[in-house]
Every structure is written in structure tokens, then in C-alpha cells.
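Trainee: Structure below; questions to follow.
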Amino acid sequence: MGQKLAMTNLIITIALCVAVAIAYATAALIQARYAQLVVKELLRVPAFWLALGLNGLGAALHVTSLGFGPLSLIQPLGVLTLVLAVPMAAVTAHRKVTRLELFGMTNTVIGLAGLTLIMTTVGRSQTLTSGELLALIGATCVLAVTLGALGRRQGASTLWEATAGGLTYAVCSALCQTVVVTTSEEGGEVLLRPITILTMVAIAVFAVAATLLTQRSYRNGLAAPLAVTNLVNPASATVIGVALLGETLAKSQVEIVLAVACALVAGYGVAQLAKARDVVPMPQDTTPTDHERVEPITR
């Protein structure tokens with residue numbers, strides 16, 4: 001009976017992870033389509049709100065999957081987003097996946113999957129103290145603004161903003177974990193504390209900022225920024241877990257060498273994807289509706 005239940009949970013976990021990947025990949029594809037627009041223009045595009053909804057659905061399904069399977073299985077399956085997004089972008093552009101894209105995607109997925117498995121932390125996670133929350137929120141603001149500014153320079157790489165987006169998503173997860181665990185342990189009155197209110201505001205702000213940063217990072221192509229975001233997110237979460245949440249890596253020298261090798265493979269894959277930029281154009285036969293029609297962007 002126990003074995004049958006374990007198999008059922010495994011199937012549910014994999015199904016949920018595939019659904020998460022489909023939601024995130026579709027949202028990224030939509031965001032890439034409107035990556036050239038500024039915030040004011042994005043708010044007038046219904047498809048952008050659909051992308052936000054898909055991102056929210058993906059996050060909800062991800063949380064649900066944690067109730068059926070271990071994080072060590074769920075995290076590596078996160079690379080399915082990249083596996084789906086690259087061919088979906090090619091189909092949208094009415095072309096085939098190029099050999100360079102295929103090699104880049106393969107190397108990135110191998111590297112990401114290996115890193116995710118190796119960087120899995122052990123030990124029971126703690127919650128962030130008030131001081132740690134303030135420090136983490138402040139540091140994230142500084143890093144996100146700095147990386148975002150680097151990405152807005154003339155001719156700068158979009159991977160700066162992809163890095164900022166991945167980092168901000170990871171911090172959102174850490175802040176959410178603290179709020180949820182603290183509330184479950186101490187009761188709903190925790191939500192009325194000033195530090196908790198500040199944390200929930202920070203979660204909302206960081207979630208929006210991460211979405212806009214990743215949105216902008218897609219303006220010159222989808223695959224490479226998406227790969228970087230998927231790499232930085234779990235890496236940042238691991239650093240936060242070890243530095244602030246009492247988790248440990250406890251890795252041997254062999255595992256450290258493998259981690260470095262996986263990082264190099266993933267980096268090489270990202271470089272290949274950056275060369276094979278797959279800018280997703282607006283369909284030529286699509287006329288914007290009144291809600292989608294925006295003013296031309298002046299540069």
C-alpha cells in the first residue's frame with residue numbers, strides 16, 4: 001500500500017511540475033512578445049495580465065507539488081521551463097529550432113539540473129529574524145537596482161536584468177517562507193506586526209519587480225535570459241538558505257568539483273543561447289485592439 005501511494009505521489013509530482021513548466025514557459029513567451037514596451041504601455045495590454053496570471057498559477061502549482069514530492073526532485077524538473085520555451089519560441093516565429101539553440105539548450109539543462117541536484121541543502125530551515133529580514137530586503141533593493149541599471153545602459157547585455165530577476169524571485173521565496181512558517185507557528189496575530197507587514201509589502205514589490213526585470217530581459221531574445229533566471233534563482237535561494245536559514249551544503253570535494261563543472265557547462269550553454277537570439281516578433285497579421293494599441297516608443 002505504501003509503495004502504491006509513493007508511486008501515486010511521484011506521478012502527481014511530475015504532472016504538477018510539467019504543468020508548472022508549461023505555465024512559466026507560456027508566460028515567458030507572452031512577456032517576450034511585449035518586452036520592448038514600458039510599464040505604462042504594458043498595463044494596457046491584456047496579454048501581459050494573462051502572463052502575470054500564468055506566473056501566479058505556476059507559483060501556486062509549484063507550492064502544491066511540494067506537498068507530494070521532495071524538493072530534490074522538484075527543483076531539477078524546473079529546467080523543463082527552458083526545454084519548453086525554446087521550441088515554443090521557434091514555433092511562434094514560424095521556424096525550426098536551430099542547431100546552436102539545441103546545443104545551448106542541452107548544455108544549459110544538463111548544467112542546471114546537475115547544479116540543482118548538487119546544491120540541494122540539508123537540515124531544517126529556520127525563519128529569518130527581524131534584523132535578517134531588514135538586511136535581506138535592503139540588500140535586495142540595492143542589488144536589484146544596481147543590476148537593473150547595468151542592464152539599461154546603451155548596448156548592455158540583457159543578462160544583467162535576467163540576473164536581477166532571478167535574484168529577486170529567490171528573495172520572494174525566502175520572505176514567503178518566513179511569513180508562512182511564522183504564522184503557522186505563532187498564529188494570525190503575527191500578520192499585524194510591523195516587521196511582518198513590511199515583509200509582505202516587500203514580497204509584493206519584489207514579485208512585481210522580478211516580473212518587470214525578466215520581462216525587459218527578453219527584449220533581445222528569450223532563451224539566454226530565461227536560462228540565466230533559472231540558474232540564478234535556485235543558486236540565490238541556496239545562498240540565502242545557507243547564510244541565513246541554518247541550512248548546510250555539507251558537500252565533499254568530489255561534489256564541489258562536479259558543481260564547478262556543471263556551472264561551466266551551464267555557462268557555456270547560456271553563451272550559445274545568447275549567440276542564437278530568438279527575438280519573438282509580433283504576428284504580422286495581428287491588429288492591436290484598442291486595449292493593446294500603444295504609442296510608439298521613443299528612444
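FYI, nothing fancy with the C-alpha cells labels: chains A, B, ... in order, residues from 1 per chain, ligands from 1 as they appear.
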Excluding region 258-275 of chain A and residues on its chain fewer than 3 positions from it, collect all residues at most 9 Å away from it, counting only C-alpha atoms, and give them as a ChimeraX atom specification.

Mentor: /A:100-115,118-119,221-225,227-228,231,253-255,278

Trainee: I'd like the neighbourhood of Asn220 (chain A) as an mmCIF file with all heavy atoms, in the first residue's frame, where a residue qualifies if any of its atoms comes within 12 Å (using only C-alpha atoms), though same-chain residues fewer than 3 positions away should be ignored.

Mentor:
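Okay, this is what ended up in part_7.cif:
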data_model
loop_
_atom_site.group_PDB
_atom_site.id
_atom_site.type_symbol
_atom_site.label_atom_id
_atom_site.label_comp_id
_atom_site.auth_asym_id
_atom_site.auth_seq_id
_atom_site.Cartn_x
_atom_site.Cartn_y
_atom_site.Cartn_z
ATOM 1 N N GLN A 31 5.543 37.395 -22.449
ATOM 2 C CA GLN A 31 6.322 38.542 -21.997
ATOM 3 C C GLN A 31 7.355 38.956 -23.041
ATOM 4 O O GLN A 31 7.599 40.148 -23.249
ATOM 5 C CB GLN A 31 7.018 38.212 -20.676
ATOM 6 C CG GLN A 31 6.075 38.123 -19.494
ATOM 7 C CD GLN A 31 6.806 37.775 -18.221
ATOM 8 O OE1 GLN A 31 6.982 36.599 -17.888
ATOM 9 N NE2 GLN A 31 7.240 38.782 -17.494
ATOM 10 N N ALA A 32 7.964 37.974 -23.694
ATOM 11 C CA ALA A 32 8.963 38.288 -24.716
ATOM 12 C C ALA A 32 8.337 39.039 -25.883
ATOM 13 O O ALA A 32 8.978 39.891 -26.510
ATOM 14 C CB ALA A 32 9.628 36.994 -25.213
ATOM 15 N N ARG A 33 7.087 38.740 -26.155
ATOM 16 C CA ARG A 33 6.384 39.392 -27.268
ATOM 17 C C ARG A 33 6.232 40.892 -27.038
ATOM 18 O O ARG A 33 6.226 41.684 -27.979
ATOM 19 C CB ARG A 33 5.014 38.739 -27.434
ATOM 20 C CG ARG A 33 4.206 39.251 -28.603
ATOM 21 C CD ARG A 33 2.884 38.525 -28.682
ATOM 22 N NE ARG A 33 2.094 38.965 -29.831
ATOM 23 C CZ ARG A 33 0.874 38.529 -30.107
ATOM 24 N NH1 ARG A 33 0.317 37.625 -29.322
ATOM 25 N NH2 ARG A 33 0.225 38.975 -31.151
ATOM 26 N N TYR A 34 6.104 41.284 -25.769
ATOM 27 C CA TYR A 34 5.895 42.696 -25.439
ATOM 28 C C TYR A 34 7.070 43.278 -24.642
ATOM 29 O O TYR A 34 6.914 44.262 -23.922
ATOM 30 C CB TYR A 34 4.604 42.851 -24.626
ATOM 31 C CG TYR A 34 3.381 42.387 -25.360
ATOM 32 C CD1 TYR A 34 2.837 41.130 -25.126
ATOM 33 C CD2 TYR A 34 2.765 43.195 -26.320
ATOM 34 C CE1 TYR A 34 1.713 40.690 -25.809
ATOM 35 C CE2 TYR A 34 1.649 42.765 -27.015
ATOM 36 C CZ TYR A 34 1.126 41.511 -26.756
ATOM 37 O OH TYR A 34 0.018 41.068 -27.448
ATOM 38 N N ALA A 35 8.248 42.677 -24.799
ATOM 39 C CA ALA A 35 9.395 43.084 -23.995
ATOM 40 C C ALA A 35 9.887 44.489 -24.301
ATOM 41 O O ALA A 35 10.610 45.081 -23.497
ATOM 42 C CB ALA A 35 10.542 42.080 -24.183
ATOM 43 N N GLN A 36 9.544 45.023 -25.453
ATOM 44 C CA GLN A 36 10.008 46.364 -25.829
ATOM 45 C C GLN A 36 9.159 47.468 -25.197
ATOM 46 O O GLN A 36 9.529 48.640 -25.259
ATOM 47 C CB GLN A 36 9.982 46.523 -27.359
ATOM 48 C CG GLN A 36 10.855 45.517 -28.111
ATOM 49 C CD GLN A 36 12.337 45.759 -27.879
ATOM 50 O OE1 GLN A 36 12.743 46.821 -27.444
ATOM 51 N NE2 GLN A 36 13.149 44.762 -28.193
ATOM 52 N N GLY A 151 21.836 46.867 -16.763
ATOM 53 C CA GLY A 151 21.161 46.346 -17.946
ATOM 54 C C GLY A 151 20.536 47.428 -18.815
ATOM 55 O O GLY A 151 20.261 47.188 -19.994
ATOM 56 N N GLY A 155 23.546 49.469 -25.133
ATOM 57 C CA GLY A 155 24.272 48.312 -25.644
ATOM 58 C C GLY A 155 24.609 47.265 -24.602
ATOM 59 O O GLY A 155 25.346 46.315 -24.894
ATOM 60 N N ALA A 156 24.073 47.406 -23.384
ATOM 61 C CA ALA A 156 24.388 46.446 -22.319
ATOM 62 C C ALA A 156 23.680 45.118 -22.543
ATOM 63 O O ALA A 156 22.648 45.039 -23.214
ATOM 64 C CB ALA A 156 23.987 47.023 -20.969
ATOM 65 N N SER A 157 24.224 44.063 -21.967
ATOM 66 C CA SER A 157 23.627 42.737 -22.069
ATOM 67 C C SER A 157 22.328 42.673 -21.276
ATOM 68 O O SER A 157 22.215 43.233 -20.171
ATOM 69 C CB SER A 157 24.596 41.683 -21.533
ATOM 70 O OG SER A 157 23.969 40.420 -21.430
ATOM 71 N N THR A 158 21.346 41.987 -21.826
ATOM 72 C CA THR A 158 20.074 41.806 -21.124
ATOM 73 C C THR A 158 20.203 40.820 -19.964
ATOM 74 O O THR A 158 19.288 40.707 -19.145
ATOM 75 C CB THR A 158 18.999 41.286 -22.092
ATOM 76 O OG1 THR A 158 19.422 40.027 -22.643
ATOM 77 C CG2 THR A 158 18.766 42.275 -23.224
ATOM 78 N N LEU A 159 21.340 40.123 -19.890
ATOM 79 C CA LEU A 159 21.519 39.136 -18.829
ATOM 80 C C LEU A 159 21.680 39.786 -17.457
ATOM 81 O O LEU A 159 21.505 39.121 -16.434
ATOM 82 C CB LEU A 159 22.729 38.240 -19.140
ATOM 83 C CG LEU A 159 22.634 37.439 -20.452
ATOM 84 C CD1 LEU A 159 23.819 36.496 -20.578
ATOM 85 C CD2 LEU A 159 21.316 36.672 -20.530
ATOM 86 N N GLU A 161 19.678 42.119 -16.305
ATOM 87 C CA GLU A 161 18.312 42.176 -15.794
ATOM 88 C C GLU A 161 17.774 40.779 -15.496
ATOM 89 O O GLU A 161 16.995 40.593 -14.552
ATOM 90 C CB GLU A 161 17.419 42.907 -16.797
ATOM 91 C CG GLU A 161 17.703 44.394 -16.838
ATOM 92 C CD GLU A 161 17.441 45.020 -18.198
ATOM 93 O OE1 GLU A 161 17.803 44.393 -19.211
ATOM 94 O OE2 GLU A 161 16.880 46.120 -18.244
ATOM 95 N N ALA A 162 18.187 39.794 -16.292
ATOM 96 C CA ALA A 162 17.789 38.413 -16.015
ATOM 97 C C ALA A 162 18.352 37.955 -14.670
ATOM 98 O O ALA A 162 17.673 37.270 -13.896
ATOM 99 C CB ALA A 162 18.273 37.494 -17.135
ATOM 100 N N THR A 214 12.522 40.535 -15.595
ATOM 101 C CA THR A 214 12.624 39.427 -16.551
ATOM 102 C C THR A 214 11.943 39.793 -17.864
ATOM 103 O O THR A 214 12.419 39.412 -18.939
ATOM 104 C CB THR A 214 11.991 38.150 -15.968
ATOM 105 O OG1 THR A 214 10.662 38.429 -15.510
ATOM 106 C CG2 THR A 214 12.809 37.634 -14.798
ATOM 107 N N GLN A 215 10.833 40.512 -17.769
ATOM 108 C CA GLN A 215 10.133 40.972 -18.976
ATOM 109 C C GLN A 215 11.085 41.767 -19.869
ATOM 110 O O GLN A 215 11.195 41.530 -21.062
ATOM 111 C CB GLN A 215 8.950 41.851 -18.573
ATOM 112 C CG GLN A 215 8.319 42.635 -19.699
ATOM 113 C CD GLN A 215 7.058 42.007 -20.227
ATOM 114 O OE1 GLN A 215 6.481 41.137 -19.576
ATOM 115 N NE2 GLN A 215 6.635 42.420 -21.388
ATOM 116 N N ARG A 216 11.769 42.727 -19.272
ATOM 117 C CA ARG A 216 12.686 43.571 -20.047
ATOM 118 C C ARG A 216 13.886 42.778 -20.563
ATOM 119 O O ARG A 216 14.418 43.065 -21.629
ATOM 120 C CB ARG A 216 13.153 44.743 -19.195
ATOM 121 C CG ARG A 216 14.068 45.701 -19.924
ATOM 122 C CD ARG A 216 14.308 46.983 -19.173
ATOM 123 N NE ARG A 216 15.385 47.741 -19.781
ATOM 124 C CZ ARG A 216 15.275 48.470 -20.886
ATOM 125 N NH1 ARG A 216 14.114 48.539 -21.499
ATOM 126 N NH2 ARG A 216 16.314 49.121 -21.383
ATOM 127 N N SER A 217 14.294 41.750 -19.815
ATOM 128 C CA SER A 217 15.466 40.977 -20.231
ATOM 129 C C SER A 217 15.221 40.188 -21.509
ATOM 130 O O SER A 217 16.164 39.747 -22.165
ATOM 131 C CB SER A 217 15.888 40.013 -19.108
ATOM 132 O OG SER A 217 14.987 38.921 -18.996
ATOM 133 N N ALA A 223 15.686 32.851 -24.917
ATOM 134 C CA ALA A 223 16.321 31.657 -24.356
ATOM 135 C C ALA A 223 17.408 31.966 -23.330
ATOM 136 O O ALA A 223 17.393 31.432 -22.216
ATOM 137 C CB ALA A 223 16.888 30.800 -25.488
ATOM 138 N N ALA A 224 18.374 32.811 -23.691
ATOM 139 C CA ALA A 224 19.501 33.067 -22.788
ATOM 140 C C ALA A 224 19.063 33.723 -21.483
ATOM 141 O O ALA A 224 19.464 33.276 -20.401
ATOM 142 C CB ALA A 224 20.555 33.912 -23.501
ATOM 143 N N PRO A 225 18.236 34.795 -21.509
ATOM 144 C CA PRO A 225 17.785 35.373 -20.245
ATOM 145 C C PRO A 225 16.987 34.399 -19.383
ATOM 146 O O PRO A 225 17.138 34.375 -18.158
ATOM 147 C CB PRO A 225 16.911 36.558 -20.695
ATOM 148 C CG PRO A 225 17.395 36.898 -22.047
ATOM 149 C CD PRO A 225 17.776 35.590 -22.665
ATOM 150 N N LEU A 226 16.143 33.594 -20.018
ATOM 151 C CA LEU A 226 15.354 32.621 -19.274
ATOM 152 C C LEU A 226 16.268 31.602 -18.603
ATOM 153 O O LEU A 226 16.044 31.203 -17.455
ATOM 154 C CB LEU A 226 14.368 31.912 -20.206
ATOM 155 C CG LEU A 226 13.399 30.928 -19.554
ATOM 156 C CD1 LEU A 226 12.510 31.629 -18.533
ATOM 157 C CD2 LEU A 226 12.537 30.243 -20.623
ATOM 158 N N LEU A 273 23.204 30.097 -26.277
ATOM 159 C CA LEU A 273 21.857 30.625 -26.461
ATOM 160 C C LEU A 273 21.881 32.130 -26.745
ATOM 161 O O LEU A 273 21.051 32.646 -27.485
ATOM 162 C CB LEU A 273 21.005 30.346 -25.221
ATOM 163 C CG LEU A 273 20.635 28.876 -24.974
ATOM 164 C CD1 LEU A 273 19.957 28.708 -23.621
ATOM 165 C CD2 LEU A 273 19.736 28.349 -26.085
ATOM 166 N N ALA A 274 22.833 32.825 -26.140
ATOM 167 C CA ALA A 274 22.962 34.260 -26.384
ATOM 168 C C ALA A 274 23.348 34.539 -27.835
ATOM 169 O O ALA A 274 22.944 35.545 -28.423
ATOM 170 C CB ALA A 274 23.988 34.867 -25.432
ATOM 171 N N LYS A 275 24.125 33.647 -28.422
ATOM 172 C CA LYS A 275 24.509 33.816 -29.832
ATOM 173 C C LYS A 275 23.334 33.519 -30.758
ATOM 174 O O LYS A 275 23.247 34.052 -31.859
ATOM 175 C CB LYS A 275 25.677 32.878 -30.173
ATOM 176 C CG LYS A 275 26.993 33.248 -29.498
ATOM 177 C CD LYS A 275 28.081 32.265 -29.887
ATOM 178 C CE LYS A 275 29.411 32.607 -29.208
ATOM 179 N NZ LYS A 275 30.476 31.623 -29.566
ATOM 180 N N ALA A 276 22.463 32.636 -30.308
ATOM 181 C CA ALA A 276 21.326 32.229 -31.150
ATOM 182 C C ALA A 276 20.077 32.957 -30.696
ATOM 183 O O ALA A 276 19.100 32.347 -30.264
ATOM 184 C CB ALA A 276 21.127 30.713 -31.063
ATOM 185 N N ARG A 277 20.099 34.249 -30.737
ATOM 186 C CA ARG A 277 18.979 35.051 -30.226
ATOM 187 C C ARG A 277 17.725 34.789 -31.045
ATOM 188 O O ARG A 277 17.747 34.823 -32.269
ATOM 189 C CB ARG A 277 19.334 36.531 -30.245
ATOM 190 C CG ARG A 277 20.501 36.821 -29.315
ATOM 191 C CD ARG A 277 20.692 38.287 -29.098
ATOM 192 N NE ARG A 277 21.676 38.494 -28.046
ATOM 193 C CZ ARG A 277 21.989 39.679 -27.550
ATOM 194 N NH1 ARG A 277 21.397 40.755 -28.006
ATOM 195 N NH2 ARG A 277 22.891 39.792 -26.610
ATOM 196 N N ASP A 278 16.638 34.549 -30.331
ATOM 197 C CA ASP A 278 15.387 34.198 -30.988
ATOM 198 C C ASP A 278 14.333 35.254 -30.695
ATOM 199 O O ASP A 278 13.334 34.976 -30.055
ATOM 200 C CB ASP A 278 14.899 32.814 -30.538
ATOM 201 C CG ASP A 278 14.914 32.676 -29.023
ATOM 202 O OD1 ASP A 278 14.937 33.731 -28.330
ATOM 203 O OD2 ASP A 278 14.878 31.556 -28.532
ATOM 204 N N VAL A 279 14.533 36.456 -31.154
ATOM 205 C CA VAL A 279 13.575 37.519 -30.918
ATOM 206 C C VAL A 279 12.211 37.097 -31.450
ATOM 207 O O VAL A 279 12.082 36.688 -32.600
ATOM 208 C CB VAL A 279 14.019 38.825 -31.606
ATOM 209 C CG1 VAL A 279 12.975 39.921 -31.417
ATOM 210 C CG2 VAL A 279 15.365 39.268 -31.067
ATOM 211 N N VAL A 280 11.197 37.172 -30.609
ATOM 212 C CA VAL A 280 9.852 36.761 -30.982
ATOM 213 C C VAL A 280 9.098 37.976 -31.514
ATOM 214 O O VAL A 280 8.760 38.878 -30.762
ATOM 215 C CB VAL A 280 9.095 36.175 -29.774
ATOM 216 C CG1 VAL A 280 7.714 35.707 -30.198
ATOM 217 C CG2 VAL A 280 9.892 35.041 -29.176
ATOM 218 N N PRO A 281 8.809 38.034 -32.816
ATOM 219 C CA PRO A 281 8.140 39.211 -33.367
ATOM 220 C C PRO A 281 6.638 39.178 -33.139
ATOM 221 O O PRO A 281 6.057 38.139 -32.884
ATOM 222 C CB PRO A 281 8.446 39.102 -34.864
ATOM 223 C CG PRO A 281 8.538 37.623 -35.093
ATOM 224 C CD PRO A 281 9.114 37.022 -33.828
#

Trainee: For CA of Ile12 (chain A) and CA of Val180 (chain A), determine how far apart the two atoms are, in Å to one decimal place.

Mentor: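 The value is 23.6 Å.
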
Trainee: Fewer than 3 positions away in the same chain doesn't count, so skip those; otherwise give me all residues within 6 Å of region 62-69 of chain A, counting only C-alpha atoms, as an MDAnalysis selection string.

Mentor: chainID A and resid 9 13 16 59

Trainee: Pull the alpha helix (DSSP H) assignments for region 122-245 of chain A out of DSSP run on the backbone, and list those residues as a PyMOL selection string.

Mentor: chain A and resi 130-151+159-186+194-217+223-244

Trainee: Report, in Å to a single decimal, how far apart CA of Thr127 (chain A) and CA of Ala243 (chain A) are.

Mentor: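 So the answer is 11.8 Å.
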
Trainee: Pick out the closest residue to Leu52 (chain A) from this set: A:Ile197, A:Leu117, A:Ala210, A:Val239. Count only C-alpha atoms.

Mentor: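 Residue with the minimum atom-to-atom distance to Leu52 (chain A): A:Ala210.
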
Trainee: Tell me which protein, DNA and RNA residues are within 12 Å of Leu57 (chain A), counting only C-alpha atoms, leaving out same-chain ones fewer than 5 positions away, and put them as a short mmCIF file (atom, residue, chain, number, x, y, z; two decimals) with C-alpha atoms, in the first residue's frame.

Mentor:
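Once everything was written out, this is out_31.cif:
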data_model
loop_
_atom_site.label_atom_id
_atom_site.label_comp_id
_atom_site.auth_asym_id
_atom_site.auth_seq_id
_atom_site.Cartn_x
_atom_site.Cartn_y
_atom_site.Cartn_z
CA LEU A 16 2.39 19.20 -11.46
CA CYS A 17 5.98 20.05 -12.42
CA ALA A 19 2.10 21.95 -15.61
CA VAL A 20 4.31 24.49 -13.81
CA ALA A 21 6.81 24.42 -16.69
CA ILE A 22 4.03 24.93 -19.26
CA ALA A 23 2.62 27.88 -17.31
CA TYR A 24 6.01 29.56 -16.87
CA ALA A 25 7.13 28.90 -20.45
CA THR A 26 3.89 30.28 -21.89
CA ALA A 27 4.11 33.34 -19.65
CA LEU A 50 -2.53 36.89 -18.81
CA ALA A 51 1.23 36.36 -18.41
CA LEU A 52 1.02 37.58 -14.81
CA HIS A 62 4.85 24.70 -7.52
CA VAL A 63 3.80 25.12 -3.89
CA THR A 64 1.20 22.37 -4.34
#

Trainee: Give me the residues near region 135-142 of chain A as a PyMOL selection string, where near means some atom within 10 Å (using only C-alpha atoms) and where sequence neighbours in that chain fewer than 6 positions away do not count.

Mentor: chain A and resi 128-129+148+164+167-168+171-172+174-175+198-199+202-203+206+209+240+244

Trainee: Which residue, A:Gly58, A:Gly165, A:Gly131, A:Pro194, has the smallest gap to Val18 (chain A) when you use only C-alpha atoms?

Mentor: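 That would be A:Gly58, the residue with the smallest distance to Val18 (chain A).
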
Trainee: CA of Ala144 (chain A) to CA of Ile256 (chain A): how many Å, to one decimal?

Mentor: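 That distance, rounded to one decimal, is 28.1 Å.
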